[in-house]
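So this one's final.cif, mmCIF, C-alpha atoms and all ligand atoms:
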```cif
data_upload
loop_
_atom_site.label_atom_id
_atom_site.label_comp_id
_atom_site.auth_asym_id
_atom_site.auth_seq_id
_atom_site.Cartn_x
_atom_site.Cartn_y
_atom_site.Cartn_z
CA MET V 1 14.36 29.06 2.76
CA SER V 2 12.78 27.88 -0.46
CA VAL V 3 14.43 25.01 -2.26
CA THR V 4 14.81 25.15 -6.03
CA VAL V 5 14.99 22.36 -8.58
CA GLN V 6 18.36 23.79 -9.61
CA ALA V 7 19.68 23.34 -6.07
CA VAL V 8 18.66 19.68 -6.28
CA TYR V 9 20.42 19.27 -9.64
CA ASP V 10 23.52 20.89 -8.20
CA ALA V 11 23.49 18.51 -5.26
CA LEU V 12 23.10 15.55 -7.63
CA ALA V 13 26.11 16.68 -9.66
CA LYS V 14 28.25 15.56 -6.70
CA VAL V 15 26.74 12.07 -6.52
CA MET V 16 28.46 9.63 -8.85
CA SER V 17 26.66 6.90 -10.77
CA PRO V 18 28.29 3.44 -10.97
CA GLY V 19 29.77 4.31 -14.37
CA GLY V 20 31.51 7.38 -12.93
CA THR V 21 29.18 9.96 -14.52
CA PRO V 22 27.60 12.44 -12.13
CA LEU V 23 24.07 11.28 -11.35
CA ARG V 24 22.71 14.54 -12.71
CA ASP V 25 24.11 13.72 -16.15
CA ALA V 26 23.56 9.96 -16.20
CA GLY V 27 20.23 10.17 -18.02
CA VAL V 28 18.37 8.23 -15.36
CA LEU V 29 16.48 10.93 -13.50
CA SER V 30 12.77 11.53 -13.73
CA GLU V 31 11.43 15.03 -13.49
CA ILE V 32 12.37 16.56 -10.15
CA VAL V 33 9.48 17.98 -8.19
CA VAL V 34 10.05 20.33 -5.28
CA ASN V 35 7.08 21.27 -3.18
CA ASP V 36 7.36 23.22 0.03
CA GLY V 37 10.74 21.80 1.00
CA LYS V 38 9.76 18.26 -0.05
CA VAL V 39 11.69 16.78 -2.95
CA PHE V 40 10.39 13.95 -5.12
CA PHE V 41 11.99 12.14 -8.04
CA SER V 42 12.95 8.71 -9.23
CA ILE V 43 16.07 7.13 -10.64
CA ASN V 44 15.17 4.82 -13.49
CA VAL V 45 17.63 2.04 -14.17
CA GLU V 46 17.63 -1.42 -15.66
CA ALA V 47 16.52 -4.18 -13.33
CA ALA V 48 19.84 -6.00 -13.70
CA GLN V 49 21.63 -2.90 -12.38
CA ALA V 50 19.30 -2.20 -9.51
CA LYS V 51 21.56 -3.47 -6.78
CA VAL V 52 24.53 -1.23 -7.58
CA TRP V 53 22.21 1.73 -8.01
CA GLU V 54 20.68 1.34 -4.56
CA ARG V 55 23.85 2.82 -3.07
CA VAL V 56 23.55 5.73 -5.47
CA ARG V 57 19.96 6.24 -4.39
CA GLU V 58 21.06 6.36 -0.78
CA GLN V 59 23.80 8.88 -1.58
CA ALA V 60 21.33 10.99 -3.57
CA ASP V 61 18.95 10.85 -0.65
CA ALA V 62 21.64 12.07 1.74
CA ALA V 63 22.79 14.79 -0.69
CA VAL V 64 19.25 16.10 -1.19
CA LYS V 65 18.45 16.04 2.53
CA ALA V 66 21.62 18.05 3.16
CA ILE V 67 20.31 20.95 1.04
CA PRO V 68 19.28 23.75 3.40
CA GLY V 69 15.50 24.01 3.52
CA VAL V 70 14.77 20.40 2.46
CA SER V 71 12.38 18.85 4.96
CA SER V 72 12.00 15.48 3.27
CA ALA V 73 13.09 13.65 0.16
CA MET V 74 11.29 10.89 -1.68
CA ILE V 75 13.70 9.25 -4.06
CA ALA V 76 12.72 5.94 -5.56
CA LEU V 77 14.78 3.55 -7.56
CA THR V 78 12.65 2.25 -10.37
CA ALA V 79 14.12 -0.80 -11.99
CA GLU V 80 12.39 -1.39 -15.24
CA ARG V 81 13.62 -4.08 -17.52
CA LYS V 82 13.92 -2.88 -21.07
CA ALA V 83 12.06 -4.92 -23.65
CA GLY V 84 14.37 -7.57 -25.00
CA ALA V 85 16.92 -7.18 -22.21
CA ALA V 86 18.04 -10.24 -20.32
CA PRO V 87 15.81 -10.80 -17.33
CA ALA V 88 17.37 -10.09 -13.96
CA ALA V 89 15.03 -12.67 -12.51
CA PRO V 90 15.44 -16.41 -12.93
CA PRO V 91 14.68 -17.68 -16.43
CA ALA V 92 10.97 -18.38 -15.93
CA ALA V 93 10.09 -14.68 -16.30
CA ARG V 94 7.00 -14.49 -18.47
CA ARG V 95 7.70 -11.18 -20.08
CA PRO V 96 9.84 -8.11 -19.63
CA GLY V 97 9.21 -6.28 -16.42
CA ILE V 98 7.29 -9.12 -14.85
CA GLN V 99 8.78 -11.45 -12.33
CA SER V 100 8.95 -15.18 -12.65
CA GLU V 101 6.39 -17.63 -11.40
CA ALA V 102 8.90 -18.66 -8.74
CA SER V 103 8.16 -15.53 -6.76
CA HIS V 104 4.58 -16.62 -6.27
CA ARG V 105 5.79 -18.22 -3.09
CA PRO V 106 6.18 -16.19 0.07
CA PRO V 107 9.39 -14.18 0.08
CA GLN V 108 11.30 -16.56 2.34
CA SER V 109 12.27 -18.40 -0.83
CA HIS V 110 15.71 -17.10 -1.66
CA ALA V 111 15.41 -18.33 -5.21
CA SER V 112 12.56 -15.95 -5.91
CA PRO V 113 13.01 -12.43 -7.20
CA MET V 114 10.86 -11.19 -4.35
CA ALA V 115 13.54 -12.32 -1.96
CA LYS V 116 15.83 -9.81 -3.63
CA GLN V 117 13.65 -6.92 -2.60
CA ALA V 118 15.08 -5.39 0.49
CA PRO V 119 12.70 -6.15 3.33
CA ILE V 120 11.61 -3.21 5.40
CA PRO V 121 13.42 -3.50 8.69
CA GLY V 122 11.07 -4.32 11.53
CA ILE V 123 8.03 -5.13 9.38
CA GLY V 124 7.02 -8.78 9.45
CA ALA V 125 4.47 -8.88 6.63
CA ILE V 126 2.96 -6.39 4.21
CA ILE V 127 -0.51 -6.99 2.86
CA ALA V 128 -2.21 -4.91 0.19
CA VAL V 129 -5.97 -4.33 0.34
CA ALA V 130 -7.13 -3.69 -3.20
CA SER V 131 -9.99 -3.88 -5.65
CA GLY V 132 -10.41 -3.48 -9.35
CA LYS V 133 -12.87 -0.65 -8.96
CA GLY V 134 -13.42 2.29 -6.66
CA GLY V 135 -15.88 2.75 -3.86
CA VAL V 136 -16.28 -0.90 -2.87
CA GLY V 137 -15.08 -0.26 0.68
CA LYS V 138 -11.33 -0.92 0.49
CA SER V 139 -10.36 1.79 2.94
CA THR V 140 -13.11 0.88 5.40
CA THR V 141 -12.09 -2.77 5.14
CA ALA V 142 -8.37 -2.01 5.42
CA LEU V 143 -8.74 -0.01 8.61
CA ASN V 144 -11.21 -2.33 10.32
CA LEU V 145 -9.14 -5.33 9.28
CA ALA V 146 -6.06 -3.66 10.77
CA LEU V 147 -8.00 -3.20 14.02
CA GLY V 148 -9.13 -6.82 13.86
CA LEU V 149 -5.49 -7.91 13.53
CA ARG V 150 -4.63 -5.62 16.44
CA ASP V 151 -7.29 -7.37 18.53
CA LEU V 152 -5.58 -10.67 17.77
CA GLY V 153 -2.51 -9.35 19.57
CA LEU V 154 -0.48 -8.20 16.59
CA ARG V 155 1.44 -4.95 16.18
CA VAL V 156 -0.17 -3.36 13.17
CA GLY V 157 0.49 -0.41 10.89
CA VAL V 158 -1.69 1.11 8.17
CA LEU V 159 -0.28 2.76 5.10
CA ASP V 160 -2.73 4.75 3.03
CA ALA V 161 -1.27 4.31 -0.44
CA ASP V 162 -4.16 6.12 -2.08
CA ILE V 163 -2.15 9.19 -2.84
CA TYR V 164 -4.83 10.53 -5.19
CA GLY V 165 -7.58 10.49 -2.60
CA PRO V 166 -6.27 9.54 0.83
CA SER V 167 -8.99 8.28 3.17
CA MET V 168 -7.17 7.80 6.44
CA PRO V 169 -7.46 11.39 7.70
CA LYS V 170 -11.25 11.11 7.52
CA LEU V 171 -11.58 7.51 8.69
CA THR V 172 -9.33 8.03 11.70
CA GLY V 173 -10.01 11.68 12.49
CA ILE V 174 -6.24 12.29 12.50
CA ARG V 175 -5.47 15.94 11.95
CA GLU V 176 -1.88 16.25 13.12
CA LYS V 177 1.13 16.13 10.84
CA PRO V 178 3.83 13.51 11.34
CA VAL V 179 7.11 14.89 12.70
CA LEU V 180 10.61 13.88 11.64
CA ASN V 181 12.98 12.07 13.94
CA ASP V 182 16.74 12.78 14.14
CA ALA V 183 17.38 10.54 11.16
CA LYS V 184 14.85 12.67 9.21
CA LYS V 185 12.41 9.77 9.06
CA MET V 186 8.74 10.51 9.50
CA ILE V 187 7.13 9.13 12.60
CA PRO V 188 3.72 7.63 11.80
CA ILE V 189 0.74 8.79 13.82
CA SER V 190 -0.32 6.40 16.58
CA ARG V 191 -4.07 6.01 16.90
CA PHE V 192 -6.25 3.15 18.16
CA GLY V 193 -3.07 1.21 18.87
CA LEU V 194 -2.13 1.33 15.18
CA LYS V 195 0.68 3.22 13.48
CA ILE V 196 -0.84 5.10 10.58
CA MET V 197 0.68 7.00 7.69
CA SER V 198 -1.08 8.82 4.88
CA ILE V 199 -0.06 11.42 2.37
CA GLY V 200 -3.24 13.12 3.56
CA PHE V 201 -1.48 13.94 6.84
CA LEU V 202 1.09 15.98 4.94
CA VAL V 203 -1.04 18.14 2.69
CA GLU V 204 -4.10 20.29 3.24
CA GLU V 205 -7.34 18.49 2.54
CA GLU V 206 -8.29 20.58 -0.44
CA THR V 207 -4.87 20.57 -2.11
CA PRO V 208 -5.23 18.88 -5.46
CA MET V 209 -2.55 16.27 -5.90
CA ILE V 210 -1.33 15.67 -9.38
CA TRP V 211 1.01 12.76 -9.68
CA ARG V 212 2.78 11.42 -12.70
CA GLY V 213 3.69 7.74 -13.01
CA PRO V 214 7.16 7.70 -11.44
CA MET V 215 6.07 10.06 -8.69
CA VAL V 216 3.37 7.66 -7.58
CA MET V 217 5.97 5.04 -6.99
CA ALA V 218 8.37 7.47 -5.38
CA ALA V 219 5.72 8.61 -2.93
CA ILE V 220 4.60 5.13 -2.00
CA THR V 221 8.04 3.57 -1.67
CA GLN V 222 9.17 6.50 0.39
CA MET V 223 6.17 6.25 2.69
CA LEU V 224 7.18 2.64 3.21
CA ARG V 225 10.89 3.07 3.59
CA GLU V 226 11.36 6.56 4.95
CA VAL V 227 8.86 6.20 7.76
CA GLU V 228 9.94 5.03 11.19
CA TRP V 229 7.49 2.16 11.44
CA GLY V 230 9.34 0.47 14.28
CA ALA V 231 8.50 -3.17 14.94
CA LEU V 232 5.30 -4.30 13.20
CA ASP V 233 3.95 -7.78 12.71
CA VAL V 234 1.88 -6.62 9.78
CA LEU V 235 1.49 -3.50 7.69
CA VAL V 236 -1.88 -3.16 5.96
CA VAL V 237 -1.66 -1.10 2.78
CA ASP V 238 -4.86 0.58 1.58
CA MET V 239 -4.43 0.70 -2.17
CA PRO V 240 -5.89 3.28 -4.52
CA PRO V 241 -8.72 2.05 -6.73
CA GLY V 242 -7.97 0.46 -10.03
CA THR V 243 -5.10 -1.34 -11.57
CA GLY V 244 -2.80 1.57 -12.28
CA ASP V 245 0.69 2.71 -11.42
CA ALA V 246 0.47 2.25 -7.69
CA GLN V 247 -0.50 -1.39 -7.88
CA LEU V 248 1.91 -2.29 -10.61
CA THR V 249 4.82 -0.53 -9.00
CA LEU V 250 4.29 -1.42 -5.37
CA ALA V 251 4.93 -5.11 -5.83
CA PRO V 252 8.29 -4.93 -7.59
CA GLN V 253 9.55 -2.41 -5.04
CA VAL V 254 8.56 -3.96 -1.77
CA PRO V 255 8.10 -7.45 -0.48
CA VAL V 256 4.29 -7.63 -0.40
CA GLN V 257 3.33 -10.98 1.11
CA GLY V 258 -0.20 -11.01 -0.18
CA ALA V 259 -3.19 -9.12 -1.50
CA VAL V 260 -6.73 -9.03 -0.17
CA ILE V 261 -9.27 -8.23 -2.86
CA VAL V 262 -12.41 -6.42 -1.76
CA SER V 263 -15.49 -6.80 -3.91
CA THR V 264 -19.18 -6.08 -3.69
CA PRO V 265 -21.49 -8.89 -4.77
CA GLN V 266 -22.67 -7.26 -7.96
CA ASP V 267 -21.45 -8.86 -11.13
CA LEU V 268 -19.84 -5.72 -12.38
CA ALA V 269 -17.72 -5.34 -9.29
CA LEU V 270 -16.75 -8.97 -9.61
CA ILE V 271 -15.52 -8.41 -13.11
CA ASP V 272 -13.40 -5.67 -11.63
CA ALA V 273 -12.31 -7.96 -8.83
CA ARG V 274 -11.10 -10.42 -11.45
CA ARG V 275 -9.12 -7.60 -13.01
CA GLY V 276 -7.61 -6.82 -9.60
CA LEU V 277 -6.76 -10.45 -9.16
CA ALA V 278 -5.15 -10.76 -12.56
CA MET V 279 -3.05 -7.71 -11.83
CA PHE V 280 -1.56 -9.14 -8.65
CA THR V 281 -0.90 -12.42 -10.42
CA ARG V 282 0.98 -10.45 -13.06
CA VAL V 283 3.26 -8.90 -10.50
CA ASN V 284 3.58 -12.16 -8.62
CA VAL V 285 1.89 -11.16 -5.42
CA PRO V 286 -0.10 -14.07 -3.98
CA VAL V 287 -3.78 -13.30 -3.55
CA LEU V 288 -4.76 -14.18 0.02
CA GLY V 289 -8.43 -14.13 -0.86
CA ILE V 290 -11.57 -12.12 -1.50
CA VAL V 291 -13.65 -10.19 1.03
CA GLU V 292 -17.24 -9.58 0.00
CA ASN V 293 -18.17 -6.14 1.29
CA MET V 294 -21.72 -4.79 1.47
CA SER V 295 -22.50 -8.45 1.10
CA TYR V 296 -26.03 -8.35 2.46
CA PHE V 297 -28.23 -5.75 4.11
CA SER V 298 -28.50 -6.07 7.82
CA CYS V 299 -31.51 -4.13 9.14
CA PRO V 300 -30.36 -1.73 11.86
CA HIS V 301 -33.71 -2.10 13.68
CA CYS V 302 -34.49 -5.78 13.63
CA GLY V 303 -31.19 -7.30 12.47
CA THR V 304 -32.95 -9.16 9.66
CA ARG V 305 -30.72 -10.01 6.80
CA SER V 306 -31.71 -9.33 3.18
CA ASP V 307 -29.59 -10.28 0.23
CA ILE V 308 -30.35 -7.16 -1.73
CA PHE V 309 -27.44 -7.50 -4.12
CA GLY V 310 -27.74 -11.17 -4.90
CA HIS V 311 -25.31 -12.07 -2.15
CA GLY V 312 -22.80 -14.87 -2.50
CA GLY V 313 -21.27 -13.81 -5.80
CA ALA V 314 -17.83 -13.31 -4.36
CA ARG V 315 -17.80 -16.68 -2.63
CA HIS V 316 -18.73 -18.39 -5.91
CA GLU V 317 -16.22 -16.39 -7.82
CA ALA V 318 -13.48 -17.12 -5.30
CA GLU V 319 -14.22 -20.84 -5.63
CA ARG V 320 -14.19 -20.62 -9.39
CA LEU V 321 -10.91 -18.78 -9.43
CA GLY V 322 -9.36 -21.04 -6.83
CA VAL V 323 -8.71 -18.31 -4.29
CA SER V 324 -9.86 -18.26 -0.70
CA PHE V 325 -13.02 -16.57 0.42
CA LEU V 326 -12.06 -14.56 3.48
CA GLY V 327 -15.48 -13.46 4.66
CA GLU V 328 -18.50 -11.29 4.07
CA VAL V 329 -19.20 -7.92 5.64
CA PRO V 330 -22.81 -6.68 5.56
CA LEU V 331 -23.95 -3.31 4.34
CA HIS V 332 -24.75 -1.59 7.60
CA MET V 333 -25.30 2.01 8.59
CA ASP V 334 -23.04 1.63 11.61
CA ILE V 335 -20.09 0.75 9.40
CA ARG V 336 -20.66 3.84 7.34
CA ALA V 337 -21.45 6.16 10.24
CA THR V 338 -18.41 5.10 12.27
CA SER V 339 -16.17 5.55 9.23
CA ASP V 340 -17.54 9.02 8.67
CA SER V 341 -17.11 10.00 12.30
CA GLY V 342 -13.42 9.08 12.47
CA THR V 343 -13.74 6.18 14.92
CA PRO V 344 -13.89 2.95 12.94
CA LEU V 345 -16.37 0.30 13.92
CA VAL V 346 -14.00 -2.27 15.39
CA GLU V 347 -12.79 0.48 17.72
CA SER V 348 -16.17 1.96 18.60
CA SER V 349 -18.15 -1.31 18.94
CA PRO V 350 -15.53 -3.95 19.70
CA ASP V 351 -18.09 -6.38 21.09
CA GLY V 352 -20.54 -6.14 18.19
CA ALA V 353 -21.17 -8.71 15.48
CA HIS V 354 -19.43 -6.64 12.81
CA ALA V 355 -16.21 -6.31 14.77
CA ALA V 356 -16.24 -10.09 15.13
CA ILE V 357 -16.49 -10.43 11.34
CA TYR V 358 -13.42 -8.25 10.81
CA ARG V 359 -11.51 -10.17 13.47
CA ALA V 360 -12.42 -13.45 11.79
CA ILE V 361 -11.15 -12.15 8.45
CA GLY V 362 -7.99 -10.99 10.24
CA GLY V 363 -7.62 -14.44 11.78
CA ARG V 364 -7.79 -16.12 8.38
CA ILE V 365 -5.13 -13.79 7.00
CA LYS V 366 -2.95 -14.27 10.07
CA ASP V 367 -3.15 -18.05 9.65
CA LYS V 368 -2.48 -17.91 5.94
CA LEU V 369 0.63 -15.82 6.44
CA LYS V 370 1.62 -17.79 9.55
CA ILE V 371 2.03 -14.61 11.55
CA THR V 372 2.62 -15.35 15.19
CA VAL V 373 1.63 -13.14 18.09
CA PRO V 374 4.73 -11.58 19.66
CA ALA V 375 5.57 -12.54 23.21
CA SER V 376 4.64 -9.59 25.40
N1 LIG U 401 -19.98 -2.60 4.84
C1 LIG U 401 -20.36 -1.33 4.68
N2 LIG U 401 -21.57 -0.89 5.10
C2 LIG U 401 -21.95 0.38 4.92
N3 LIG U 401 -21.22 1.32 4.33
C3 LIG U 401 -19.99 0.95 3.90
C4 LIG U 401 -19.48 -0.38 4.06
N4 LIG U 401 -18.23 -0.43 3.55
C5 LIG U 401 -17.95 0.81 3.10
N5 LIG U 401 -19.00 1.64 3.29
C6 LIG U 401 -19.11 3.04 2.91
O1 LIG U 401 -18.93 3.11 1.50
C7 LIG U 401 -18.19 4.26 1.13
C8 LIG U 401 -16.96 3.84 0.33
O2 LIG U 401 -16.11 3.14 1.21
P1 LIG U 401 -14.53 3.28 1.12
O3 LIG U 401 -14.11 4.68 1.11
O4 LIG U 401 -13.98 2.39 2.19
O5 LIG U 401 -14.31 2.61 -0.30
P2 LIG U 401 -13.01 2.55 -1.18
O6 LIG U 401 -13.12 1.29 -1.98
O7 LIG U 401 -11.81 2.70 -0.34
O8 LIG U 401 -13.20 3.81 -2.07
P3 LIG U 401 -12.13 4.48 -3.06
O9 LIG U 401 -12.08 3.60 -4.23
O10 LIG U 401 -12.70 5.83 -3.31
O11 LIG U 401 -10.82 4.50 -2.30
C9 LIG U 401 -17.88 4.97 2.44
O12 LIG U 401 -18.82 5.99 2.65
C10 LIG U 401 -18.03 3.90 3.49
O13 LIG U 401 -18.39 4.42 4.76
MG MG U 402 -10.24 4.11 -0.47
#
```
Could you take the file, read its structure, and then write that structure out as structure tokens?
Amino acid sequence: MSVTVQAVYDALAKVMSPGGTPLRDAGVLSEIVVNDGKVFFSINVEAAQAKVWERVREQADAAVKAIPGVSSAMIALTAERKAGAAPAAPPAARRPGIQSEASHRPPQSHASPMAKQAPIPGIGAIIAVASGKGGVGKSTTALNLALGLRDLGLRVGVLDADIYGPSMPKLTGIREKPVLNDAKKMIPISRFGLKIMSIGFLVEEETPMIWRGPMVMAAITQMLREVEWGALDVLVVDMPPGTGDAQLTLAPQVPVQGAVIVSTPQDLALIDARRGLAMFTRVNVPVLGIVENMSYFSCPHCGTRSDIFGHGGARHEAERLGVSFLGEVPLHMDIRATSDSGTPLVESSPDGAHAAIYRAIGGRIKDKLKITVPAS
């Protein structure tokens, strides 16, 4: 049965907003998108009101899922502070919509606005792998880093938040679609001992995906919250390139413990890395450090190292900016070939030098976040 936008509106007429107006008429809904039984929209409210609206979001979610033919619903609460409105956060907020400096601490601090974000049950820590510019190797790094963390004994998930150009289907070779459990939550795909979720598992490879601002957030928050992740010590989020909607909206919605910035050594990429860094600072996500990818060329025949890109830029830059340098990954054919073939390098050559590099980076992140290996 095909679901119509009107059917969604009708269902939302029965959900009441805190003021007593039906949600449909409360003037807070984004455009409603219905695609093949999947419903996406957001409810936009003031940050100060976010808590009372969360119940409304849950009721809307239940009402939409009850519509015959709806297979999934992605409904996000977007809490934007209006310019000039009193900040919901403690007084140190630097400007509207941006959280206070206090939240720069890990989210255990109950005084920080980050502590107010509902944690995702079962997930110990969420880290975002990002860069200012595209094509620097974020997805490759995110997946191999996740495998490195797995090798350290942690339970690890990977969320491909690049909804414009998801990479995980290709990098992992996953072709199956996630199924829903009884609670209508999607079950992530298990591969290489990781739990993996990507919008690319839900749509055909060639389907163009056009997302507007609020939809980006709706899709990402829903992939975080409406997926049955189970117990994870760490969820690695592969971010889309750039400093756009996804980055700016992820942090206020979910308790991201830290960001890993991937950069190539070239100056230009570093300028972009600085942009990436500044963005996370703006949304009060601590930067765990910089990984220099394609750092040097490692000859596949003789193993000789050549610093073809003027290696070391990221380390210098990290020092200058006062953030940690997490490690350098060489430019190597094996890294590329294994990514292309759907079996990432840490999985296919676990004993090689490159796998050791990713594990070392994982170890630094694990220590920084004080993640402990679960008792087995
Ligand atoms: N260290 C490396 N050595 C060799 N090739 C690499 C390395 N890291 C990444 N690549 C290759 O570079 C290309 C881009 O990598 P990847 O897709 O991970 O980048 P990205 O930053 O996620 O890109 P996008 O911005 O499009 O999401 C891929 O073909 C990948 O296999
Ligand atoms: Mg990518």
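Proximity to Ser2 (chain V) was assessed for V:Val33, V:Val70, V:Gly165, V:Ala48 counting only C-alpha atoms; the smallest distance is recorded for V:Val70.
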Sorted by chain and rising residue number, which residues of chain V lie within 7 Å of ligand LIG 401 (chain U), and what are their closest atom pairs and distances in Å to one decimal, counting all atoms listed in the file, as a Markdown table?
```
| residue | atom | partner | partner_atom | distance |
| --- | --- | --- | --- | --- |
| V:Lys133 | CA | U:LIG401 | O9 | 6.4 |
| V:Gly134 | CA | U:LIG401 | O9 | 3.1 |
| V:Gly135 | CA | U:LIG401 | O8 | 3.4 |
| V:Val136 | CA | U:LIG401 | O6 | 3.9 |
| V:Gly137 | CA | U:LIG401 | O5 | 3.1 |
| V:Lys138 | CA | U:LIG401 | O7 | 3.7 |
| V:Ser139 | CA | U:LIG401 | O7 | 3.7 |
| V:Thr140 | CA | U:LIG401 | O4 | 3.7 |
| V:Thr141 | CA | U:LIG401 | O4 | 6.2 |
| V:Asp162 | CA | U:LIG401 | O11 | 6.9 |
| V:Gly165 | CA | U:LIG401 | O11 | 6.8 |
| V:Ser167 | CA | U:LIG401 | O3 | 6.6 |
| V:Pro240 | CA | U:LIG401 | O11 | 5.5 |
| V:Pro241 | CA | U:LIG401 | O9 | 4.5 |
| V:Asn293 | CA | U:LIG401 | N1 | 5.3 |
| V:Met294 | CA | U:LIG401 | N1 | 4.4 |
| V:Val329 | CA | U:LIG401 | N1 | 5.4 |
| V:Pro330 | CA | U:LIG401 | N1 | 5.0 |
| V:Leu331 | CA | U:LIG401 | N2 | 3.5 |
| V:His332 | CA | U:LIG401 | N2 | 4.1 |
| V:Met333 | CA | U:LIG401 | C2 | 5.2 |
| V:Asp334 | CA | U:LIG401 | C2 | 6.9 |
| V:Ile335 | CA | U:LIG401 | N2 | 4.8 |
| V:Arg336 | CA | U:LIG401 | O13 | 3.5 |
| V:Ala337 | CA | U:LIG401 | O13 | 6.5 |
| V:Ser339 | CA | U:LIG401 | O13 | 5.1 |
| V:Asp340 | CA | U:LIG401 | O13 | 6.1 |
```
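In this structure, CA of Ser131 (chain V) sits 5.5 Å away from CA of Gly276 (chain V).
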Test item: residues at most 9 Å from Phe192 (chain V), only C-alpha atoms, excluding those fewer than 3 positions along its chain, as number ranges by chain | V: 147, 172, 195, 343, 347
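Neighbours of region 228-235 of chain V closer than or equal to 8 Å, with all atoms listed in the file counted and sequence neighbours fewer than 3 positions away skipped, come out as Pro121, Gly122, Ile123, Gly124, Ala125, Ile126, Ile127, Leu154, Arg155, Val156, Gly157, Val158, Leu159, Lys185, Met186, Ile187, Pro188, Lys195, Arg225, Ile371, Val373 and Pro374 of chain V.
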As lines of an AutoDock Vina configuration file, please: the centre and edge lengths in Å, to one decimal, of an axis-aligned box enclosing every listed atom of region 225-242 of chain V with 3 Å added on each side.
```
center_x = 1.3
center_y = -0.6
center_z = 2.5
size_x = 26.1
size_y = 20.3
size_z = 31.0
```
If you take only C-alpha atoms and a cut-off of 12 Å, which residues of region 284-356 of chain V touch region 361-367 of chain V, and what are their nearest atom pairs and distances in Å to one decimal, in chain and number order, as CSV?
```
residue,atom,partner,partner_atom,distance
V:Val287,CA,V:Ile365,CA,10.6
V:Leu288,CA,V:Ile365,CA,7.0
V:Gly289,CA,V:Ile365,CA,8.5
V:Ile290,CA,V:Ile361,CA,10.0
V:Val291,CA,V:Ile361,CA,8.1
V:Glu292,CA,V:Ile361,CA,10.7
V:Asn293,CA,V:Ile361,CA,11.7
V:Ser324,CA,V:Arg364,CA,9.6
V:Phe325,CA,V:Ile361,CA,9.4
V:Leu326,CA,V:Ile361,CA,5.6
V:Gly327,CA,V:Ile361,CA,5.9
V:Glu328,CA,V:Ile361,CA,8.6
V:Val329,CA,V:Ile361,CA,9.5
V:Val346,CA,V:Gly362,CA,11.8
V:His354,CA,V:Ile361,CA,10.9
V:Ala355,CA,V:Ile361,CA,10.0
V:Ala356,CA,V:Ile361,CA,8.6
```
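Each of V:Ile32, V:Val285, V:Ala375, V:Val262 was compared to ligand MG 402 (chain U) using only C-alpha atoms and all ligand atoms, and V:Val262 turns out to be the nearest.
In this structure, CA of Val28 (chain V) sits 26.0 Å away from CA of Val256 (chain V).
The coordinates place CA of Asp160 (chain V) at 28.4 Å from CA of Gly322 (chain V).
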Option closest in space to ligand MG 402 (chain U), from V:Ile196, V:Ala130, V:Ala314, V:Leu369 [counting all atoms listed in the file] | V:Ala130
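With all atoms listed in the file as the basis for measurement, V:Asp238 is the residue among V:Met74, V:Glu54, V:Gln49, V:Asp238 that approaches ligand MG 402 (chain U) most closely.
Nearest-residue note for Pro119 (chain V): choosing from V:Asn181, V:Thr221, V:Ser72, V:Asn44, the minimum distance belongs to V:Thr221, counting only C-alpha atoms.
Of the listed residues V:Lys170, V:Lys370, V:Arg359, V:Arg275, the one whose atoms come nearest to Ser341 (chain V) is V:Lys170, with distances taken using all atoms listed in the file.
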